[in-house]
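To keep things clear, I will list the structure first and then write my remarks on it.
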Amino acid sequence: MAVIETKYSVGDVVYHAGTTTERKQRPCPDCNGTRKWTATSPAGNEYTFQCPRCAATYNRFDDLSLAYTATVPHVATRTIGSVQYNSHGASWDHGARYMAIETGVGGGSVYSEADLFSSYDEAMVAAEAKAAEANKTVPCIVTAYNRALEISDYQLDSARLKHAADATSAAGQLLWNVNELFDTIAEASDKDAILEAVDEYKSYSRDRDLNRLYEVVSEARTLATAA
């Protein structure tokens, strides 16, 4: 009787080399990292305000934005729950493929043997290589921003309106991320996939969105008190 040998067996703990995305921001060429501008009006009044380019949550011209999405390495611990093997050499899924207990056996993610490693360090090296390759194709990461800043998009004496717009933007971002979570849950194959989606939302979006909303609301309240 023929015996098929695979690199990993049911019960083995392995490390999956993958990637995820992360929001980053390029250094600001306008304020040299201070995030503040000082301006004097023709009447002699001096204003200090947030740098319009790097502190703005929205730019009418997208290519003025310093924010971009980058691919970053991500390593996840997985426990082998099942092993599949296709011996047909010409097929796209030739060789061993695995399902993990953490992501569902029989109805979850399927992992290629090439993406699984016995140690975390090996997986991280592979994940970093994947992220570096992916980032080569993202134009906003390798392209400089050369357009002039339009200060007319920002009114020095309309702080209350700006904070109202910031609050609307923050609330909209929170709602968008929550809706995206609901869509992911609706498409999830099992409970484990749902829990993974919820954990990812908590790790990457929830606290950031709530903190941003709290900041703009607090700033608006401060302005209202000072009026």
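Residues are referred to by chain and number: the chain letter is A, B, ... according to the order shown in the structure tokens, the number counts from 1 in that chain, and ligands are numbered separately from 1 in the order shown.
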- Name all residues at most 6 Å from region 65-73 of chain A (count only C-alpha atoms; drop same-chain ones fewer than 5 positions away) and give them as number ranges by chain. A: 19-26, 127-128, 131
- Message: Residues near region 197-202 of chain A, anyone? I mean within 9 Å using only C-alpha atoms, not counting same-chain ones fewer than 5 positions away, as number ranges by chain.
- Response: A: 177-178, 181, 184-185, 188, 192, 207
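Pairwise distance (CA of Glu113 (chain A), CA of His74 (chain A)) equals 16.6 Å.
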Can you pull out the residues contacting Glu5 (chain A)? Cut-off 12 Å, using only C-alpha atoms, and skip same-chain residues under 2 positions away; I want them as an mmCIF file with N, CA and C atoms, in the first residue's frame.
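Output below, filename part03.cif:
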data_model
loop_
_atom_site.group_PDB
_atom_site.id
_atom_site.type_symbol
_atom_site.label_atom_id
_atom_site.label_comp_id
_atom_site.auth_asym_id
_atom_site.auth_seq_id
_atom_site.Cartn_x
_atom_site.Cartn_y
_atom_site.Cartn_z
ATOM 1 N N ALA A 2 0.558 2.205 -0.859
ATOM 2 C CA ALA A 2 1.343 3.427 -0.954
ATOM 3 C C ALA A 2 1.089 4.324 0.259
ATOM 4 N N VAL A 3 2.135 4.978 0.699
ATOM 5 C CA VAL A 3 2.045 5.877 1.840
ATOM 6 C C VAL A 3 2.400 7.298 1.371
ATOM 7 N N LYS A 7 4.571 17.281 5.031
ATOM 8 C CA LYS A 7 5.488 17.977 5.938
ATOM 9 C C LYS A 7 4.887 18.112 7.329
ATOM 10 N N TYR A 8 3.562 18.325 7.394
ATOM 11 C CA TYR A 8 2.901 18.506 8.677
ATOM 12 C C TYR A 8 1.781 17.485 8.839
ATOM 13 N N SER A 9 1.450 17.190 10.107
ATOM 14 C CA SER A 9 0.393 16.230 10.421
ATOM 15 C C SER A 9 -0.654 16.892 11.308
ATOM 16 N N VAL A 83 -5.560 17.416 6.713
ATOM 17 C CA VAL A 83 -4.552 17.419 5.654
ATOM 18 C C VAL A 83 -5.197 16.943 4.362
ATOM 19 N N GLN A 84 -4.978 17.702 3.285
ATOM 20 C CA GLN A 84 -5.454 17.315 1.962
ATOM 21 C C GLN A 84 -4.234 17.135 1.058
ATOM 22 N N TYR A 85 -4.330 16.188 0.135
ATOM 23 C CA TYR A 85 -3.192 15.980 -0.776
ATOM 24 C C TYR A 85 -3.713 15.630 -2.160
ATOM 25 N N ASN A 86 -3.240 16.386 -3.138
ATOM 26 C CA ASN A 86 -3.591 16.134 -4.536
ATOM 27 C C ASN A 86 -2.327 15.691 -5.253
ATOM 28 N N SER A 87 -2.302 14.460 -5.732
ATOM 29 C CA SER A 87 -1.106 13.905 -6.352
ATOM 30 C C SER A 87 -0.996 14.208 -7.843
ATOM 31 N N GLY A 95 -0.053 18.807 -4.464
ATOM 32 C CA GLY A 95 0.681 18.730 -3.212
ATOM 33 C C GLY A 95 -0.224 18.826 -2.002
ATOM 34 N N ALA A 96 0.385 19.143 -0.857
ATOM 35 C CA ALA A 96 -0.344 19.151 0.408
ATOM 36 C C ALA A 96 -0.946 20.521 0.691
#
- Message: Could you go through region 21-84 of chain A and tell me which residues DSSP, when run on the backbone, assigns to strand (DSSP E), listing them as a VMD selection string?
- Response: chain A and resid 21 to 25 36 to 40 46 to 50 67 to 84
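For the pair CA of Gly106 (chain A) and CA of Ser82 (chain A), the interatomic distance is 8.1 Å.
Across the model, the gap from CA of Gly81 (chain A) to CA of Val105 (chain A) is 6.0 Å.
Of the listed residues (A:Pro29, A:Tyr98, A:Asp166, A:Asp121), A:Asp166 comes nearest to Ser218 (chain A); the distances count only C-alpha atoms.
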- Query: With only C-alpha atoms as the atoms that count, which of A:Asp12, A:Asp190, A:Lys36, A:Ala17 lies nearest to Ala129 (chain A)?
  - Reply: A:Ala17
- Task: For Glu102 (chain A), list every protein, DNA or RNA residue within 9 Å, evaluated using only C-alpha atoms, and leave out those in the same chain fewer than 6 positions away; present the list as a list in words.
- Result: Thr77, Arg78, Thr79, Ile80, Gly81, Gly108, Asp192, Ala193 and Glu196 of chain A
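Nearest residue to Ala170 (chain A) among A:Asp30, A:Glu133, A:Glu215, A:Asp115 is A:Glu215, counting only C-alpha atoms.
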